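Engineer: Got a structure for you, questions after.
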Amino acid sequence: MRFDWLLRQSDQIAQLFLWHLWLSVLPVVIGLALALPAGGLIQRLPRLKAVLLNLLGLLYTIPSLALFILLPGILGTRILDTVNVMVALVIYAFALLVRTVCDGLDSVSPDTRQAAIALGYKPFHQFLTIDLPVAIPVIAAGFRVAVVSNVSIVSIAALVGTPQLGSLFTQGFQLQFLTPIIAGVVLCVLLALLLDSLVVYGTHKLVVWQPARRKS
Amino acid sequence: MIAWFADSSHWLGDDGLLLLIWQHLLYSAVALVCTLLVAFPIGCYCGHTGKGERVLIGCANALRALPSFGLIIILVIILGPVFTSDLAFIIPSLIVLIVLALPSVMLGVWSGITSIDRTVIDAARGMGYSPWRLLLTVELPCALPLIISGIRSATLQIISTATIAAYVSLGGLGRLIIDGRAQSDYQQMIAGALLVAVLALLVDFIFSLLIRVVVSPGILRRETSQKSSVPSILTRNRS
């Protein structure tokens, strides 16, 4: 490790870290925002549910590097555009989270639903104020997975020229110099841990009515 | 694009598609076999005895956060000078592929065995099954759906990470993407990306067939009526 090099490059590394943070957080948040209504809809179409979830699973199967390169052809963007990476990450987060949202809604007990219906809740109101809050623990477990794995997928975007911590890997490889690579790996892991604990903390705040729950 | 694929010079020869596809499959298969050899016994042990659960889950969560791309480059720089031939990048790439695929298989085997209805296992014990017989004839067959889904996500992860390893000169379909980028040959990049995507989808499809063929129908019926959401989340991992 050459710490003097790290100090000299600290501005650039901080910049890359912020880019990484941005690319890690925004896609999963968009993915969740899309997955909540989509999961709620799919839940109401039991016949289509299996088919749609399998199709989403197929999207998740496509290797990330391939998706980064195939998307420009589909979206009509330029191949080095950051938008491609952003869209690919949203697709992964969405594919993972729709299934989680469905699992979460499945975990709401029929008694709770019946009680809500008996109290005169309209379907939309019930989804928003009963089903979703009760499903939070399961959704949060899936959201943690999405957030953490997204942090490491982002670093692959360095291969298509999007600047973030992964750029330290390519830079280190070209110079045959370990310091930037180790710094990049450590920062990636720290970022993943930080975001993960934020999600855990947020979930804890959201489900105050529940007694301490088993964490996975 | 069709013209690119129709050109036979792209298929044959020293860097032709056929060879690259073969290399991609070969490296993936070697990594998968090594992963299974290591992960299976560990998963069986933890599942059968119920020990080491925390270590297993903690390990899997920690590995999910590690950027595989950085890991490959570190190992190539450190181990590269030790080997003289092509092994200088093959060995480090294989190590990373195996390390990344391990948790999915271990968790698949472990969660498969632990999610079996306790009464089934107790019944087998009561009938005088020895631990080995219990593991081989009751626990593993009942755990097959989750075991296969663990192996499935491990395989997909290996295939997609092998693409990235082309950056450190590993052969396989990633070559088309990395070389295409270096030469600004977008046709070649897109061809590579398409082939990798098709390969991944094909392998995924084969696994879905495998589940139908290998798993006892009685177990599959129970699996669909009794949704187990947690394991599917746990074994999912990708790069």
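By convention in this document, the chains of the structure tokens carry letters A, B, ... by their order, each chain's residues are numbered from 1, and ligands are numbered from 1 in the order they are shown.
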Pick out the residues sitting within 12 Å of Ile2 (chain B), and hand them over as a short mmCIF file (atom, residue, chain, number, x, y, z; two decimals) with C-alpha atoms, in the first residue's frame; count only C-alpha atoms, and ignore anything fewer than 6 positions along from it in its own chain.
Structural biologist:
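Output (result.cif):
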```cif
data_model
loop_
_atom_site.label_atom_id
_atom_site.label_comp_id
_atom_site.auth_asym_id
_atom_site.auth_seq_id
_atom_site.Cartn_x
_atom_site.Cartn_y
_atom_site.Cartn_z
CA SER B 8 -17.74 -17.52 -41.45
CA HIS B 10 -15.91 -14.73 -37.37
CA GLN B 187 -20.52 -4.88 -33.96
CA GLN B 188 -18.13 -7.24 -32.20
CA ILE B 190 -22.81 -6.38 -29.42
CA ALA B 191 -22.22 -9.86 -30.85
CA LEU B 194 -25.81 -11.12 -27.35
#
```
Engineer: Give the helix (DSSP H, G or I) residues of region 45-231 of chain B, as DSSP finds them on the backbone, and put them as a ChimeraX atom specification.
Structural biologist: /B:45-49,53-65,68-82,87-114,118-126,131-168,174-182,186-214,217-225,229-231
Engineer: I'd like to know which of A:Val87, A:Leu70, A:Ala93, A:Ala183 is closest to chain B, using only C-alpha atoms.
Structural biologist: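 Closest residue, counting only C-alpha atoms: A:Leu70.
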Engineer: Can you work out which residues from chain A touch chain B at a cut-off of 7 Å (counting only C-alpha atoms) and hand them back as a list of chain:residue names?
Structural biologist: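 In the required form, that comes to A:Leu58, A:Thr61, A:Ile62, A:Pro63, A:Ser64, A:Ala66, A:Ile69, A:Leu70, A:Asp103, A:Gly142, A:Val148, A:Ser149, A:Val151, A:Ser152, A:Ile153, A:Ser155, A:Ile156, A:Phe169, A:Phe173, A:Gln176, A:Leu178, A:Ile181, A:Val185, A:Cys188, A:Val189, A:Ala192.
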Engineer: As an exercise, work out the distance from CA of Leu170 (chain B) to CA of Thr82 (chain A) in Å and give it to one decimal place.
Structural biologist: 26.3 Å
Engineer: With only C-alpha atoms as the counted atoms, please give the residues lying no more than 9 Å from Val108 (chain A), apart from itself and same-chain residues fewer than 3 positions off, as a PyMOL selection string.
Structural biologist: chain A and resi 104-105+111-113+130-132+134-135
Engineer: Generate a file of the selected residues that holds N, CA, C and O atoms, formatted as a JSON list (two decimals), in the first residue's frame.
Structural biologist:
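Done, and the output landed in out_19.json:
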```
[["chain", "number", "residue", "atom", "x", "y", "z"],
["A", 104, "GLY", "N", -43.75, -10.29, 0.03],
["A", 104, "GLY", "CA", -44.14, -9.49, 1.20],
["A", 104, "GLY", "C", -45.66, -9.42, 1.33],
["A", 104, "GLY", "O", -46.21, -9.61, 2.41],
["A", 105, "LEU", "N", -46.34, -9.18, 0.19],
["A", 105, "LEU", "CA", -47.80, -9.08, 0.24],
["A", 105, "LEU", "C", -48.42, -10.44, 0.58],
["A", 105, "LEU", "O", -49.45, -10.52, 1.24],
["A", 111, "ASP", "N", -56.45, -12.79, 7.88],
["A", 111, "ASP", "CA", -57.26, -12.19, 8.94],
["A", 111, "ASP", "C", -57.15, -10.66, 8.90],
["A", 111, "ASP", "O", -58.15, -9.95, 9.01],
["A", 112, "THR", "N", -55.90, -10.17, 8.74],
["A", 112, "THR", "CA", -55.69, -8.73, 8.68],
["A", 112, "THR", "C", -56.47, -8.14, 7.51],
["A", 112, "THR", "O", -57.13, -7.10, 7.63],
["A", 113, "ARG", "N", -56.38, -8.81, 6.35],
["A", 113, "ARG", "CA", -57.09, -8.32, 5.16],
["A", 113, "ARG", "C", -58.59, -8.28, 5.42],
["A", 113, "ARG", "O", -59.25, -7.29, 5.12],
["A", 130, "ILE", "N", -52.65, -0.77, 4.83],
["A", 130, "ILE", "CA", -52.64, -2.03, 5.57],
["A", 130, "ILE", "C", -51.57, -2.99, 5.00],
["A", 130, "ILE", "O", -50.60, -3.32, 5.66],
["A", 131, "ASP", "N", -51.77, -3.39, 3.73],
["A", 131, "ASP", "CA", -50.91, -4.42, 3.15],
["A", 131, "ASP", "C", -49.43, -4.02, 3.13],
["A", 131, "ASP", "O", -48.57, -4.75, 3.60],
["A", 132, "LEU", "N", -49.17, -2.83, 2.56],
["A", 132, "LEU", "CA", -47.77, -2.42, 2.42],
["A", 132, "LEU", "C", -47.04, -2.33, 3.76],
["A", 132, "LEU", "O", -45.97, -2.94, 3.91],
["A", 134, "VAL", "N", -47.59, -3.80, 6.56],
["A", 134, "VAL", "CA", -47.39, -5.11, 7.17],
["A", 134, "VAL", "C", -46.32, -5.90, 6.41],
["A", 134, "VAL", "O", -45.60, -6.72, 6.99],
["A", 135, "ALA", "N", -46.19, -5.62, 5.10],
["A", 135, "ALA", "CA", -45.24, -6.37, 4.29],
["A", 135, "ALA", "C", -43.81, -5.84, 4.41],
["A", 135, "ALA", "O", -42.88, -6.44, 3.86]]
```
Engineer: Would you pick out the contacts of Val207 (chain A) at 8 Å or less, using only C-alpha atoms, so that residues sharing its chain but fewer than 5 positions from it are not included, and give the list as a list in words?
Structural biologist: Pro133, Ile136 and Pro137 of chain A
Engineer: Based on the selection just made, write N, CA and C atoms of those residues as a PDB file, in the first residue's frame.
Structural biologist:
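Resulting contents of out_5.pdb:
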```pdb
ATOM      1  N   PRO A 133     -47.592  -1.609   4.739  1.00  0.00           N
ATOM      2  CA  PRO A 133     -46.861  -1.522   6.020  1.00  0.00           C
ATOM      3  C   PRO A 133     -46.603  -2.894   6.650  1.00  0.00           C
ATOM      4  N   ILE A 136     -43.648  -4.717   5.101  1.00  0.00           N
ATOM      5  CA  ILE A 136     -42.332  -4.058   5.115  1.00  0.00           C
ATOM      6  C   ILE A 136     -41.164  -4.979   5.487  1.00  0.00           C
ATOM      7  N   PRO A 137     -41.261  -5.803   6.540  1.00  0.00           N
ATOM      8  CA  PRO A 137     -40.083  -6.603   6.907  1.00  0.00           C
ATOM      9  C   PRO A 137     -39.586  -7.491   5.767  1.00  0.00           C
TER      10      PRO A 137
END
```
Engineer: CA of Thr179 (chain A) to CA of Pro27 (chain A): how many Å, to one decimal?
Structural biologist: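 One can read the CA of Thr179 (chain A) to CA of Pro27 (chain A) distance as 29.1 Å.
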Engineer: Could you state the separation of CA of Leu79 (chain B) and CA of Leu19 (chain B) in Å, given to one decimal place?
Structural biologist: 26.0 Å
Engineer: Return the single residue from A:Leu119, A:Leu32, A:Val186, A:Leu45 that is closest to Arg144 (chain A), with distances computed using only C-alpha atoms.
Structural biologist: A:Leu32
Engineer: Point out the residue among B:Ser208, B:Leu135, B:Ile219, B:Cys44 with the least atom-to-atom distance to Asn54 (chain A), counting only C-alpha atoms.
Structural biologist: B:Ser208
Engineer: Report as an MDAnalysis selection string all protein, DNA and RNA residues lying within 8 Å of region 100-105 of chain B, evaluated on only C-alpha atoms, omitting residues in the same chain fewer than 3 positions from it.
Structural biologist: chainID B and resid 32 35:36 38:40 43 56 59:60 63 68 96:97 108:109 147 150:151 153:155 157:158 234:237
Engineer: So that I can see what lies close to Phe3 (chain A), please list as an MDAnalysis selection string the residues with an atom at most 12 Å from it, counting only C-alpha atoms and leaving out residues fewer than 2 positions away in the same chain.
Structural biologist: chainID A and resid 1 5:10 178:180 182:183
Engineer: Which is closer to Val29 (chain A) than all the others in A:Asp81, A:Ile117, A:Phe143, A:Leu191, using only C-alpha atoms?
Structural biologist: A:Phe143
Engineer: For each of A:Leu56, A:Asp196, A:Lys122, A:Gly73, take the minimum atom-to-atom distance to Met1 (chain B), counting only C-alpha atoms, then give the residue where this is smallest.
Structural biologist: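 Among the listed residues, A:Gly73 lies closest to Met1 (chain B).
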